[in-house]
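Trainee: Input: one structure, supplied below.
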Protein chains: 2
Amino acid sequence: MRTVIPLFDRFTGLDAVGPYEMLAAVPGAEVVFAAAEAGPVRSDTGFLTLHAELPLRAVTSADLLLVPGGPGQAARMAYRPLLDWLRAIDATTTWTASVCTGSLLLAAAGLLTGRRATTHWLAKDQLAPLGAVPAAERVVFDGKYATAAGVSAGIDLALHLIGRTAGHEIARAVQLGTEYAPEPPYAAGTPETAPPALVTALRARRGTILGTADPAHRTG
Amino acid sequence: MRTVIPLFDRFTGLDAVGPYEMLAAVPGAEVVFAAAEAGPVRSDTGFLTLHAELPLRAVTSADLLLVPGGPGQAARMAYRPLLDWLRAIDATTTWTASVCTGSLLLAAAGLLTGRRATTHWLAKDQLAPLGAVPAAERVVFDGKYATAAGVSAGIDLALHLIGRTAGHEIARAVQLGTEYAPEPPYAAGTPETAPPALVTALRARRGTILGTADPAHRTG
């Protein structure tokens, strides 16, 4: 299975690398990182740079298209070259997926219209205006479209996709190989379980976290 | 807090990027990826390339040294320039940590002698011969040394480290921001919970997974 992961300036590293790690462990798998131009692509923190092997124009099909999110997403919601590319690749895929605010790009491309989907909890209210139907689960499947909640949820998404494409035994082998038996030290991973004051604090910084508070980057 | 993450050819991507994502989200944090030479460093799958910002020789101290693992570890167990660098940086750190088989490099550098530590479950029997004391937990603290089990365990490790250095409220905020409320679709993340046949199958491929079956890469 050939997975294509498009990168863009100010993507979130774990959105892309979490699912990559799982998907690349499947026997015979291929994972391609692509971006507007081949070469280094800087993530949202400025500390992590991933290398895109191919320019988007060199990628014309995928078995699985997996779109990460990050603060750079906001600037690309009307950026035609990327949205056109997403539509073109989606026309060739068996599965089209996203992590975090990557689903907002899929929605902006018109690919989630009328479909159940999720995104980062801070961005969930953006789904309906874009035509998608917000869902409560951490990983949401609707037909060939699979969307995951924020950042770390892409790991769970990838295991679900592996189960459906390569089978449950392979998915379990990948989980065992990556020793994915998580033990978060706190119960603060969702707005429902985190201390309310913390949820309020993150909501107050929402524009910075989602990249919508940064006009310098709204190039789209 | 300045975290330094050394990369090497055939490291495992999520070992490095999982903890990075958490650590970089702490206000005022700095995370530096370094390698023998600055520039692209290819991971174990060949699909993911990370960019090292600095050569190891340009890094002379760290608050937190975090060593990832991967098949490339095996070839470096006697590689003096890296082991000397690990010892020199460790002499400056408040915390020295590892993910997966990164702990074997710390042990080879003599930094885990007599200390409780962990590593990828397939490599656990290598700890005692290197002078460390194998421990059962997913994240093991012994003094300033913190080691995590395989691949995905680095995320839990990082949250523990953030809790101890920046406080529990910041750690909870990072967990909420990354929506880290994992829901693995299977209970196969440890050899104790995975189907026994799968454990046997991975043990049979142990040399390939750990990088010890690949003489071409044993350059150390």
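In the structure tokens, each chain is lettered A, B, ... as it comes, each chain's residues begin at 1, and ligands are numbered from 1 in order of appearance.
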Write down as a PDB file with C-alpha atoms, in the first residue's frame the residues of region 59-150 of chain B whose backbone DSSP state falls under strand (DSSP E or B).
Mentor:
```pdb
ATOM      1  CA  LEU B  64      17.853  17.065  28.852  1.00  0.00           C
ATOM      2  CA  LEU B  65      19.698  14.591  26.649  1.00  0.00           C
ATOM      3  CA  LEU B  66      17.206  12.261  24.949  1.00  0.00           C
ATOM      4  CA  VAL B  67      18.564   9.337  22.921  1.00  0.00           C
ATOM      5  CA  TRP B  95      18.182  14.683  32.965  1.00  0.00           C
ATOM      6  CA  THR B  96      19.520  11.988  30.660  1.00  0.00           C
ATOM      7  CA  ALA B  97      16.868   9.906  28.930  1.00  0.00           C
ATOM      8  CA  SER B  98      16.312   7.341  26.213  1.00  0.00           C
ATOM      9  CA  ARG B 116      17.365   0.406  36.794  1.00  0.00           C
ATOM     10  CA  ALA B 117      16.458   0.878  33.132  1.00  0.00           C
ATOM     11  CA  VAL B 133      19.319  -3.498  35.956  1.00  0.00           C
ATOM     12  CA  PRO B 134      16.300  -4.387  33.779  1.00  0.00           C
ATOM     13  CA  VAL B 139       8.975   4.408  31.968  1.00  0.00           C
ATOM     14  CA  VAL B 140      11.796   3.925  34.480  1.00  0.00           C
ATOM     15  CA  PHE B 141      13.409   6.646  36.566  1.00  0.00           C
ATOM     16  CA  ASP B 142      16.665   6.094  38.476  1.00  0.00           C
ATOM     17  CA  TYR B 145      18.277   8.772  34.273  1.00  0.00           C
ATOM     18  CA  ALA B 146      14.938   8.060  32.622  1.00  0.00           C
ATOM     19  CA  THR B 147      14.445   5.263  30.129  1.00  0.00           C
ATOM     20  CA  ALA B 148      11.350   4.278  28.158  1.00  0.00           C
TER      21      ALA B 148
END
```
Trainee: Counting only C-alpha atoms, which residues of chain A fall within 7 Å of chain B, and what is the closest atom pair for each with its distance in Å at one decimal, ordered by chain and rising number, as JSON lines?
Mentor:
```
{"residue": "A:Gly13", "atom": "CA", "partner": "B:Glu21", "partner_atom": "CA", "distance": 6.7}
{"residue": "A:Leu14", "atom": "CA", "partner": "B:Glu21", "partner_atom": "CA", "distance": 6.2}
{"residue": "A:Val17", "atom": "CA", "partner": "B:Leu14", "partner_atom": "CA", "distance": 6.3}
{"residue": "A:Gly18", "atom": "CA", "partner": "B:Leu14", "partner_atom": "CA", "distance": 6.3}
{"residue": "A:Glu21", "atom": "CA", "partner": "B:Leu14", "partner_atom": "CA", "distance": 6.2}
{"residue": "A:Ala24", "atom": "CA", "partner": "B:Thr45", "partner_atom": "CA", "distance": 6.8}
{"residue": "A:Val31", "atom": "CA", "partner": "B:Phe47", "partner_atom": "CA", "distance": 5.9}
{"residue": "A:Val32", "atom": "CA", "partner": "B:Phe47", "partner_atom": "CA", "distance": 6.4}
{"residue": "A:Thr45", "atom": "CA", "partner": "B:Ala24", "partner_atom": "CA", "distance": 6.8}
{"residue": "A:Phe47", "atom": "CA", "partner": "B:Val31", "partner_atom": "CA", "distance": 5.9}
{"residue": "A:Thr49", "atom": "CA", "partner": "B:His51", "partner_atom": "CA", "distance": 5.3}
{"residue": "A:Leu50", "atom": "CA", "partner": "B:Leu50", "partner_atom": "CA", "distance": 4.7}
{"residue": "A:His51", "atom": "CA", "partner": "B:Thr49", "partner_atom": "CA", "distance": 5.3}
{"residue": "A:Gly150", "atom": "CA", "partner": "B:Glu179", "partner_atom": "CA", "distance": 5.1}
{"residue": "A:Val151", "atom": "CA", "partner": "B:Thr178", "partner_atom": "CA", "distance": 5.1}
{"residue": "A:Ser152", "atom": "CA", "partner": "B:Tyr180", "partner_atom": "CA", "distance": 5.5}
{"residue": "A:Ala153", "atom": "CA", "partner": "B:Pro182", "partner_atom": "CA", "distance": 6.7}
{"residue": "A:Asp156", "atom": "CA", "partner": "B:Pro184", "partner_atom": "CA", "distance": 5.5}
{"residue": "A:Leu159", "atom": "CA", "partner": "B:Pro185", "partner_atom": "CA", "distance": 7.0}
{"residue": "A:His160", "atom": "CA", "partner": "B:Pro185", "partner_atom": "CA", "distance": 6.6}
{"residue": "A:Arg172", "atom": "CA", "partner": "B:Ala188", "partner_atom": "CA", "distance": 5.5}
{"residue": "A:Ala173", "atom": "CA", "partner": "B:Leu198", "partner_atom": "CA", "distance": 6.5}
{"residue": "A:Gln175", "atom": "CA", "partner": "B:Gly189", "partner_atom": "CA", "distance": 5.2}
{"residue": "A:Leu176", "atom": "CA", "partner": "B:Gly189", "partner_atom": "CA", "distance": 4.4}
{"residue": "A:Thr178", "atom": "CA", "partner": "B:Val151", "partner_atom": "CA", "distance": 5.1}
{"residue": "A:Glu179", "atom": "CA", "partner": "B:Gly189", "partner_atom": "CA", "distance": 4.7}
{"residue": "A:Tyr180", "atom": "CA", "partner": "B:Gly189", "partner_atom": "CA", "distance": 4.5}
{"residue": "A:Ala181", "atom": "CA", "partner": "B:Gly189", "partner_atom": "CA", "distance": 4.4}
{"residue": "A:Pro182", "atom": "CA", "partner": "B:Ala153", "partner_atom": "CA", "distance": 6.7}
{"residue": "A:Glu183", "atom": "CA", "partner": "B:Asp156", "partner_atom": "CA", "distance": 6.3}
{"residue": "A:Pro184", "atom": "CA", "partner": "B:Asp156", "partner_atom": "CA", "distance": 5.5}
{"residue": "A:Pro185", "atom": "CA", "partner": "B:His160", "partner_atom": "CA", "distance": 6.6}
{"residue": "A:Tyr186", "atom": "CA", "partner": "B:Arg172", "partner_atom": "CA", "distance": 6.6}
{"residue": "A:Ala188", "atom": "CA", "partner": "B:Arg172", "partner_atom": "CA", "distance": 5.5}
{"residue": "A:Gly189", "atom": "CA", "partner": "B:Leu176", "partner_atom": "CA", "distance": 4.4}
{"residue": "A:Thr190", "atom": "CA", "partner": "B:Glu179", "partner_atom": "CA", "distance": 5.7}
{"residue": "A:Ala194", "atom": "CA", "partner": "B:Leu176", "partner_atom": "CA", "distance": 7.0}
{"residue": "A:Leu198", "atom": "CA", "partner": "B:Ala173", "partner_atom": "CA", "distance": 6.4}
```
Trainee: What's around Gly70 (chain A) at 6 Å? Count only C-alpha atoms, leave out sequence neighbours fewer than 2 positions away in its own chain, and write the answer as a VMD selection string.
Mentor: chain A and resid 11 to 12 72 to 73
Trainee: Just the residues within 12 Å of Tyr79 (chain B), please, counting only C-alpha atoms, with nothing from its chain fewer than 4 positions along; format it as a short mmCIF file (atom, residue, chain, number, x, y, z; two decimals) with N, CA and C atoms, in the first residue's frame.
Mentor:
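What follows is the written file out22.cif:
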```
data_model
loop_
_atom_site.label_atom_id
_atom_site.label_comp_id
_atom_site.auth_asym_id
_atom_site.auth_seq_id
_atom_site.Cartn_x
_atom_site.Cartn_y
_atom_site.Cartn_z
N PHE B 8 20.86 9.39 14.32
CA PHE B 8 21.88 8.60 13.61
C PHE B 8 21.17 7.82 12.52
N ALA B 36 25.90 13.38 13.59
CA ALA B 36 27.34 13.42 13.28
C ALA B 36 27.65 14.65 12.43
N GLY B 72 19.66 1.28 13.82
CA GLY B 72 20.99 1.86 13.70
C GLY B 72 21.79 1.85 14.99
N GLN B 73 21.12 1.60 16.10
CA GLN B 73 21.80 1.57 17.41
C GLN B 73 22.87 0.48 17.46
N ALA B 74 22.53 -0.70 16.93
CA ALA B 74 23.41 -1.87 17.08
C ALA B 74 24.82 -1.60 16.53
N ALA B 75 24.88 -0.85 15.44
CA ALA B 75 26.17 -0.59 14.80
C ALA B 75 27.01 0.43 15.55
N LEU B 83 29.85 7.62 21.74
CA LEU B 83 29.84 7.29 23.17
C LEU B 83 30.56 8.37 23.99
N ASP B 84 31.67 8.90 23.45
CA ASP B 84 32.37 9.99 24.14
C ASP B 84 31.47 11.22 24.24
N TRP B 85 30.76 11.50 23.16
CA TRP B 85 29.85 12.66 23.15
C TRP B 85 28.72 12.46 24.17
N LEU B 86 28.17 11.26 24.22
CA LEU B 86 27.09 11.00 25.19
C LEU B 86 27.59 11.23 26.61
N LEU B 105 22.61 2.38 24.05
CA LEU B 105 23.71 3.30 23.78
C LEU B 105 24.15 3.99 25.07
N ALA B 108 26.07 1.42 26.90
CA ALA B 108 27.39 1.21 26.28
C ALA B 108 28.36 2.34 26.64
N ALA B 109 27.80 3.51 26.88
CA ALA B 109 28.63 4.65 27.29
C ALA B 109 28.93 4.61 28.79
N ARG B 218 27.05 -2.91 10.66
CA ARG B 218 27.82 -2.99 11.91
C ARG B 218 29.17 -2.33 11.71
N THR B 219 29.17 -1.04 11.65
CA THR B 219 30.39 -0.28 11.35
C THR B 219 31.17 0.09 12.59
N GLY B 220 30.53 -0.09 13.77
CA GLY B 220 31.13 0.39 15.01
C GLY B 220 32.23 -0.55 15.50
#
```
Trainee: What's the separation between CA of Gly143 (chain B) and CA of Leu111 (chain B), in Å to one decimal place?
Mentor: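 These two atoms are separated by 11.5 Å.
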